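Engineer: Structure supplied as final05.cif; contents: mmCIF, C-alpha atoms.
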```cif
data_data
loop_
_atom_site.label_atom_id
_atom_site.label_comp_id
_atom_site.auth_asym_id
_atom_site.auth_seq_id
_atom_site.Cartn_x
_atom_site.Cartn_y
_atom_site.Cartn_z
CA MET A 1 -50.85 -39.81 14.79
CA LYS A 2 -51.62 -36.14 15.29
CA GLN A 3 -49.19 -36.08 18.21
CA GLN A 4 -46.44 -37.53 16.01
CA LEU A 5 -47.06 -34.85 13.36
CA LEU A 6 -46.96 -32.13 16.02
CA THR A 7 -43.71 -33.56 17.42
CA LYS A 8 -42.16 -33.69 13.90
CA GLU A 9 -43.32 -30.14 13.20
CA GLU A 10 -41.85 -28.95 16.50
CA THR A 11 -38.57 -30.71 15.73
CA TYR A 12 -38.54 -29.22 12.23
CA ASN A 13 -39.23 -25.72 13.61
CA LYS A 14 -36.39 -26.07 16.15
CA MET A 15 -34.01 -27.21 13.42
CA LEU A 16 -35.13 -24.35 11.19
CA ALA A 17 -34.65 -21.83 14.02
CA ASP A 18 -31.17 -23.27 14.67
CA VAL A 19 -30.24 -22.97 10.99
CA CYS A 20 -31.55 -19.38 10.91
CA GLN A 21 -29.48 -18.49 13.99
CA ARG A 22 -26.36 -20.02 12.46
CA TRP A 23 -27.03 -18.22 9.19
CA GLU A 24 -27.40 -14.91 11.05
CA ARG A 25 -24.15 -15.46 12.99
CA THR A 26 -22.35 -16.36 9.77
CA ALA A 27 -23.70 -13.25 8.05
CA GLN A 28 -22.59 -11.08 10.99
CA THR A 29 -19.14 -12.68 10.91
CA TRP A 30 -18.84 -12.00 7.17
CA VAL A 31 -19.89 -8.38 7.61
CA GLN A 32 -17.34 -7.96 10.40
CA MET A 33 -14.60 -9.60 8.34
CA ARG A 34 -15.43 -7.39 5.33
CA GLU A 35 -15.26 -4.26 7.50
CA GLU A 36 -11.91 -5.35 8.94
CA LEU A 37 -10.57 -6.05 5.45
CA GLU A 38 -11.73 -2.64 4.20
CA GLN A 39 -10.05 -1.01 7.19
CA LYS A 40 -6.79 -2.86 6.47
CA ILE A 41 -6.97 -1.82 2.81
CA GLN A 42 -7.42 1.82 3.81
CA GLU A 43 -4.52 1.58 6.28
CA GLY A 44 -2.36 0.02 3.55
CA LYS A 45 -3.24 2.81 1.12
CA TRP A 46 -2.44 5.42 3.74
CA LEU A 47 0.91 3.81 4.60
CA ARG A 48 1.81 3.47 0.91
CA GLN A 49 0.96 7.13 0.27
CA GLU A 50 3.03 8.13 3.30
CA ASP A 51 5.99 6.06 2.04
CA GLU A 52 5.65 7.51 -1.45
CA GLN A 53 5.60 11.04 -0.05
CA LYS A 54 8.70 10.37 2.08
CA THR A 55 10.47 8.87 -0.93
CA LYS A 56 9.58 11.87 -3.11
CA GLU A 57 10.82 14.26 -0.43
CA GLU A 58 14.06 12.32 -0.05
CA LEU A 59 14.62 12.24 -3.82
CA GLN A 60 13.94 15.96 -4.02
CA ARG A 61 16.39 16.61 -1.18
CA LEU A 62 19.05 14.44 -2.82
CA SER A 63 18.48 16.04 -6.22
CA GLU A 64 18.88 19.51 -4.73
CA ALA A 65 22.03 18.42 -2.90
CA ILE A 66 23.48 16.96 -6.11
CA ILE A 67 22.69 20.12 -8.05
CA GLN A 68 24.34 22.20 -5.33
CA LEU A 69 27.43 19.97 -5.41
CA GLU A 70 27.56 20.13 -9.21
CA TYR A 71 27.28 23.90 -9.09
CA ASN A 72 30.01 24.34 -6.47
CA LYS A 73 32.64 21.84 -7.68
CA PRO A 74 35.28 22.62 -10.26
CA SER A 75 34.51 21.19 -13.68
CA LEU A 76 35.96 17.72 -14.23
CA GLY A 77 34.94 17.52 -17.86
CA CYS A 78 32.00 15.30 -17.05
CA HIS A 79 28.48 15.51 -15.70
CA LEU A 80 26.91 13.46 -12.97
CA ILE A 81 23.94 11.64 -14.45
CA VAL A 82 21.16 10.75 -12.02
CA VAL A 83 18.26 8.69 -13.26
CA GLU A 84 15.38 8.59 -10.85
CA GLY A 85 13.23 5.54 -11.27
CA PHE A 86 11.90 2.68 -9.24
CA ALA A 87 12.67 -0.88 -10.10
CA CYS A 88 11.19 -1.89 -6.76
CA PRO A 89 9.50 0.99 -4.86
CA ASN A 90 9.97 -0.65 -1.46
CA ASP A 91 13.70 -1.19 -1.94
CA PRO A 92 15.59 2.10 -1.61
CA ARG A 93 18.70 0.56 -3.19
CA SER A 94 16.89 0.22 -6.50
CA SER A 95 15.55 3.75 -6.70
CA VAL A 96 18.47 5.79 -8.07
CA VAL A 97 21.11 5.03 -10.73
CA TRP A 98 24.35 7.06 -10.69
CA GLY A 99 26.98 7.50 -13.38
CA TYR A 100 29.37 9.93 -15.06
CA MET A 101 29.20 10.94 -18.71
CA PRO A 102 31.93 12.86 -20.53
CA LEU A 103 31.06 16.30 -21.86
CA VAL A 104 30.82 16.63 -25.62
CA GLY A 105 32.11 20.18 -25.68
CA PRO A 106 34.52 22.05 -23.39
CA PRO A 107 33.47 22.48 -19.75
CA MET A 108 31.75 25.69 -18.82
CA ALA A 109 34.34 28.17 -17.59
CA ASN A 110 32.02 30.57 -15.79
CA ARG A 111 29.23 29.23 -13.61
CA SER A 112 27.93 32.35 -11.94
#
```
Render the structure in this file as structure tokens.
Structural biologist:
Amino acid sequence: MKQQLLTKEETYNKMLADVCQRWERTAQTWVQMREELEQKIQEGKWLRQEDEQKTKEELQRLSEAIIQLEYNKPSLGCHLIVVEGFACPNDPRSSVVWGYMPLVGPPMANRS
């Protein structure tokens, strides 16, 4: 009888040790997965900030080019209207709206 109890206790201890090992491996896996996820989130933030900076620089460059063209062209009795906004930040085709609007008064004769 005592031998049976010792055998059951030994079996129970082995099962308990096995469960503890599995639990430890699972915990390590979760920690590793969390660290990988945090790294991917940081990379995504960095890439998004880089894209936003490039987009801002491109919009600034285009705005300056448009202003320069407006300044150097003869007056057509209208202004180029540029609305900068993002319907979808990752789609460059949706970032700028262009149009012409007639002037209310006479065009400026001297632009110096």
Engineer: Could you tell me how far CA of Lys40 in chain A lies from CA of Thr26 in chain A, in Å and to one decimal?
Structural biologist: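 For CA of Lys40 in chain A relative to CA of Thr26 in chain A, the distance reads 20.9 Å.
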Engineer: Quick one: 5 Å padding each side, axis-aligned, all listed atoms of range 28-45 of chain A - centre and edge lengths in Å to one decimal, as JSON?
Structural biologist:
```
{"center_x": -12.5, "center_y": -4.9, "center_z": 6.1, "size_x": 30.2, "size_y": 25.5, "size_z": 19.9}
```
Engineer: How many Å separate CA of Leu37 in chain A from CA of Gln53 in chain A?
Structural biologist: 24.2 Å
Engineer: Report the distance between CA of Lys45 in chain A and CA of Trp30 in chain A in Å, rounded to one decimal place.
Structural biologist: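 Separating CA of Lys45 in chain A from CA of Trp30 in chain A is a distance of 22.3 Å.
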Engineer: Any chance you could model all heavy atoms for range 21-32 of chain A and send them as a PDB file, in the coordinates of the input?
Structural biologist:
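Writing the result to result_25.pdb gives the following:
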```pdb
ATOM      1  N   GLN A  21     -30.427 -19.111  13.052  1.00  0.00           N
ATOM      2  CA  GLN A  21     -29.480 -18.490  13.990  1.00  0.00           C
ATOM      3  C   GLN A  21     -28.047 -18.631  13.477  1.00  0.00           C
ATOM      4  O   GLN A  21     -27.257 -17.680  13.520  1.00  0.00           O
ATOM      5  CB  GLN A  21     -29.596 -19.112  15.380  1.00  0.00           C
ATOM      6  CG  GLN A  21     -30.828 -18.679  16.133  1.00  0.00           C
ATOM      7  CD  GLN A  21     -30.944 -19.385  17.489  1.00  0.00           C
ATOM      8  OE1 GLN A  21     -30.209 -20.336  17.779  1.00  0.00           O
ATOM      9  NE2 GLN A  21     -31.882 -18.926  18.307  1.00  0.00           N
ATOM     10  N   ARG A  22     -27.703 -19.814  13.001  1.00  0.00           N
ATOM     11  CA  ARG A  22     -26.360 -20.020  12.460  1.00  0.00           C
ATOM     12  C   ARG A  22     -26.125 -19.138  11.242  1.00  0.00           C
ATOM     13  O   ARG A  22     -25.058 -18.566  11.074  1.00  0.00           O
ATOM     14  CB  ARG A  22     -26.150 -21.490  12.087  1.00  0.00           C
ATOM     15  CG  ARG A  22     -25.909 -22.371  13.273  1.00  0.00           C
ATOM     16  CD  ARG A  22     -25.429 -23.722  12.807  1.00  0.00           C
ATOM     17  NE  ARG A  22     -26.231 -24.749  13.456  1.00  0.00           N
ATOM     18  CZ  ARG A  22     -26.312 -26.008  13.065  1.00  0.00           C
ATOM     19  NH1 ARG A  22     -25.643 -26.395  12.000  1.00  0.00           N
ATOM     20  NH2 ARG A  22     -27.034 -26.861  13.713  1.00  0.00           N
ATOM     21  N   TRP A  23     -27.129 -19.062  10.382  1.00  0.00           N
ATOM     22  CA  TRP A  23     -27.030 -18.220   9.190  1.00  0.00           C
ATOM     23  C   TRP A  23     -26.802 -16.771   9.592  1.00  0.00           C
ATOM     24  O   TRP A  23     -25.977 -16.077   9.012  1.00  0.00           O
ATOM     25  CB  TRP A  23     -28.290 -18.380   8.357  1.00  0.00           C
ATOM     26  CG  TRP A  23     -28.270 -17.547   7.116  1.00  0.00           C
ATOM     27  CD1 TRP A  23     -28.910 -16.368   6.925  1.00  0.00           C
ATOM     28  CD2 TRP A  23     -27.566 -17.812   5.910  1.00  0.00           C
ATOM     29  NE1 TRP A  23     -28.664 -15.881   5.681  1.00  0.00           N
ATOM     30  CE2 TRP A  23     -27.832 -16.748   5.019  1.00  0.00           C
ATOM     31  CE3 TRP A  23     -26.737 -18.844   5.477  1.00  0.00           C
ATOM     32  CZ2 TRP A  23     -27.299 -16.695   3.740  1.00  0.00           C
ATOM     33  CZ3 TRP A  23     -26.219 -18.784   4.203  1.00  0.00           C
ATOM     34  CH2 TRP A  23     -26.490 -17.717   3.345  1.00  0.00           C
ATOM     35  N   GLU A  24     -27.545 -16.285  10.586  1.00  0.00           N
ATOM     36  CA  GLU A  24     -27.400 -14.910  11.050  1.00  0.00           C
ATOM     37  C   GLU A  24     -26.007 -14.670  11.626  1.00  0.00           C
ATOM     38  O   GLU A  24     -25.376 -13.647  11.338  1.00  0.00           O
ATOM     39  CB  GLU A  24     -28.477 -14.595  12.098  1.00  0.00           C
ATOM     40  CG  GLU A  24     -28.464 -13.178  12.586  1.00  0.00           C
ATOM     41  CD  GLU A  24     -28.793 -12.155  11.511  1.00  0.00           C
ATOM     42  OE1 GLU A  24     -29.537 -12.470  10.572  1.00  0.00           O
ATOM     43  OE2 GLU A  24     -28.272 -11.022  11.624  1.00  0.00           O
ATOM     44  N   ARG A  25     -25.512 -15.606  12.430  1.00  0.00           N
ATOM     45  CA  ARG A  25     -24.150 -15.460  12.990  1.00  0.00           C
ATOM     46  C   ARG A  25     -23.116 -15.455  11.874  1.00  0.00           C
ATOM     47  O   ARG A  25     -22.169 -14.666  11.897  1.00  0.00           O
ATOM     48  CB  ARG A  25     -23.863 -16.589  13.980  1.00  0.00           C
ATOM     49  CG  ARG A  25     -24.496 -16.408  15.336  1.00  0.00           C
ATOM     50  CD  ARG A  25     -23.913 -17.371  16.361  1.00  0.00           C
ATOM     51  NE  ARG A  25     -24.047 -18.768  15.970  1.00  0.00           N
ATOM     52  CZ  ARG A  25     -25.026 -19.595  16.375  1.00  0.00           C
ATOM     53  NH1 ARG A  25     -25.963 -19.156  17.183  1.00  0.00           N
ATOM     54  NH2 ARG A  25     -25.055 -20.843  15.977  1.00  0.00           N
ATOM     55  N   THR A  26     -23.287 -16.317  10.887  1.00  0.00           N
ATOM     56  CA  THR A  26     -22.350 -16.360   9.770  1.00  0.00           C
ATOM     57  C   THR A  26     -22.393 -15.049   8.997  1.00  0.00           C
ATOM     58  O   THR A  26     -21.339 -14.489   8.639  1.00  0.00           O
ATOM     59  CB  THR A  26     -22.699 -17.534   8.824  1.00  0.00           C
ATOM     60  OG1 THR A  26     -22.626 -18.752   9.566  1.00  0.00           O
ATOM     61  CG2 THR A  26     -21.732 -17.593   7.648  1.00  0.00           C
ATOM     62  N   ALA A  27     -23.565 -14.523   8.764  1.00  0.00           N
ATOM     63  CA  ALA A  27     -23.700 -13.250   8.050  1.00  0.00           C
ATOM     64  C   ALA A  27     -23.029 -12.132   8.847  1.00  0.00           C
ATOM     65  O   ALA A  27     -22.321 -11.288   8.272  1.00  0.00           O
ATOM     66  CB  ALA A  27     -25.166 -12.936   7.807  1.00  0.00           C
ATOM     67  N   GLN A  28     -23.229 -12.102  10.148  1.00  0.00           N
ATOM     68  CA  GLN A  28     -22.590 -11.080  10.990  1.00  0.00           C
ATOM     69  C   GLN A  28     -21.075 -11.214  10.940  1.00  0.00           C
ATOM     70  O   GLN A  28     -20.352 -10.216  10.875  1.00  0.00           O
ATOM     71  CB  GLN A  28     -23.096 -11.178  12.426  1.00  0.00           C
ATOM     72  CG  GLN A  28     -24.524 -10.744  12.598  1.00  0.00           C
ATOM     73  CD  GLN A  28     -25.055 -11.024  14.000  1.00  0.00           C
ATOM     74  OE1 GLN A  28     -24.389 -11.628  14.832  1.00  0.00           O
ATOM     75  NE2 GLN A  28     -26.285 -10.588  14.253  1.00  0.00           N
ATOM     76  N   THR A  29     -20.589 -12.441  10.975  1.00  0.00           N
ATOM     77  CA  THR A  29     -19.140 -12.680  10.910  1.00  0.00           C
ATOM     78  C   THR A  29     -18.591 -12.168   9.582  1.00  0.00           C
ATOM     79  O   THR A  29     -17.545 -11.515   9.548  1.00  0.00           O
ATOM     80  CB  THR A  29     -18.841 -14.182  11.070  1.00  0.00           C
ATOM     81  OG1 THR A  29     -19.335 -14.617  12.334  1.00  0.00           O
ATOM     82  CG2 THR A  29     -17.350 -14.451  10.982  1.00  0.00           C
ATOM     83  N   TRP A  30     -19.295 -12.458   8.474  1.00  0.00           N
ATOM     84  CA  TRP A  30     -18.840 -12.000   7.170  1.00  0.00           C
ATOM     85  C   TRP A  30     -18.834 -10.481   7.070  1.00  0.00           C
ATOM     86  O   TRP A  30     -17.912  -9.893   6.490  1.00  0.00           O
ATOM     87  CB  TRP A  30     -19.687 -12.609   6.053  1.00  0.00           C
ATOM     88  CG  TRP A  30     -19.271 -14.007   5.730  1.00  0.00           C
ATOM     89  CD1 TRP A  30     -19.872 -15.149   6.159  1.00  0.00           C
ATOM     90  CD2 TRP A  30     -18.151 -14.417   4.961  1.00  0.00           C
ATOM     91  NE1 TRP A  30     -19.196 -16.240   5.690  1.00  0.00           N
ATOM     92  CE2 TRP A  30     -18.133 -15.828   4.943  1.00  0.00           C
ATOM     93  CE3 TRP A  30     -17.159 -13.733   4.273  1.00  0.00           C
ATOM     94  CZ2 TRP A  30     -17.173 -16.559   4.271  1.00  0.00           C
ATOM     95  CZ3 TRP A  30     -16.193 -14.469   3.600  1.00  0.00           C
ATOM     96  CH2 TRP A  30     -16.196 -15.860   3.601  1.00  0.00           C
ATOM     97  N   VAL A  31     -19.847  -9.849   7.627  1.00  0.00           N
ATOM     98  CA  VAL A  31     -19.890  -8.380   7.610  1.00  0.00           C
ATOM     99  C   VAL A  31     -18.714  -7.823   8.392  1.00  0.00           C
ATOM    100  O   VAL A  31     -18.033  -6.890   7.950  1.00  0.00           O
ATOM    101  CB  VAL A  31     -21.237  -7.872   8.178  1.00  0.00           C
ATOM    102  CG1 VAL A  31     -21.176  -6.387   8.481  1.00  0.00           C
ATOM    103  CG2 VAL A  31     -22.368  -8.171   7.210  1.00  0.00           C
ATOM    104  N   GLN A  32     -18.454  -8.411   9.572  1.00  0.00           N
ATOM    105  CA  GLN A  32     -17.340  -7.960  10.400  1.00  0.00           C
ATOM    106  C   GLN A  32     -16.016  -8.164   9.680  1.00  0.00           C
ATOM    107  O   GLN A  32     -15.155  -7.270   9.668  1.00  0.00           O
ATOM    108  CB  GLN A  32     -17.344  -8.698  11.734  1.00  0.00           C
ATOM    109  CG  GLN A  32     -16.242  -8.266  12.661  1.00  0.00           C
ATOM    110  CD  GLN A  32     -16.255  -9.065  13.966  1.00  0.00           C
ATOM    111  OE1 GLN A  32     -17.087  -9.946  14.164  1.00  0.00           O
ATOM    112  NE2 GLN A  32     -15.325  -8.758  14.844  1.00  0.00           N
TER     113      GLN A  32
END
```
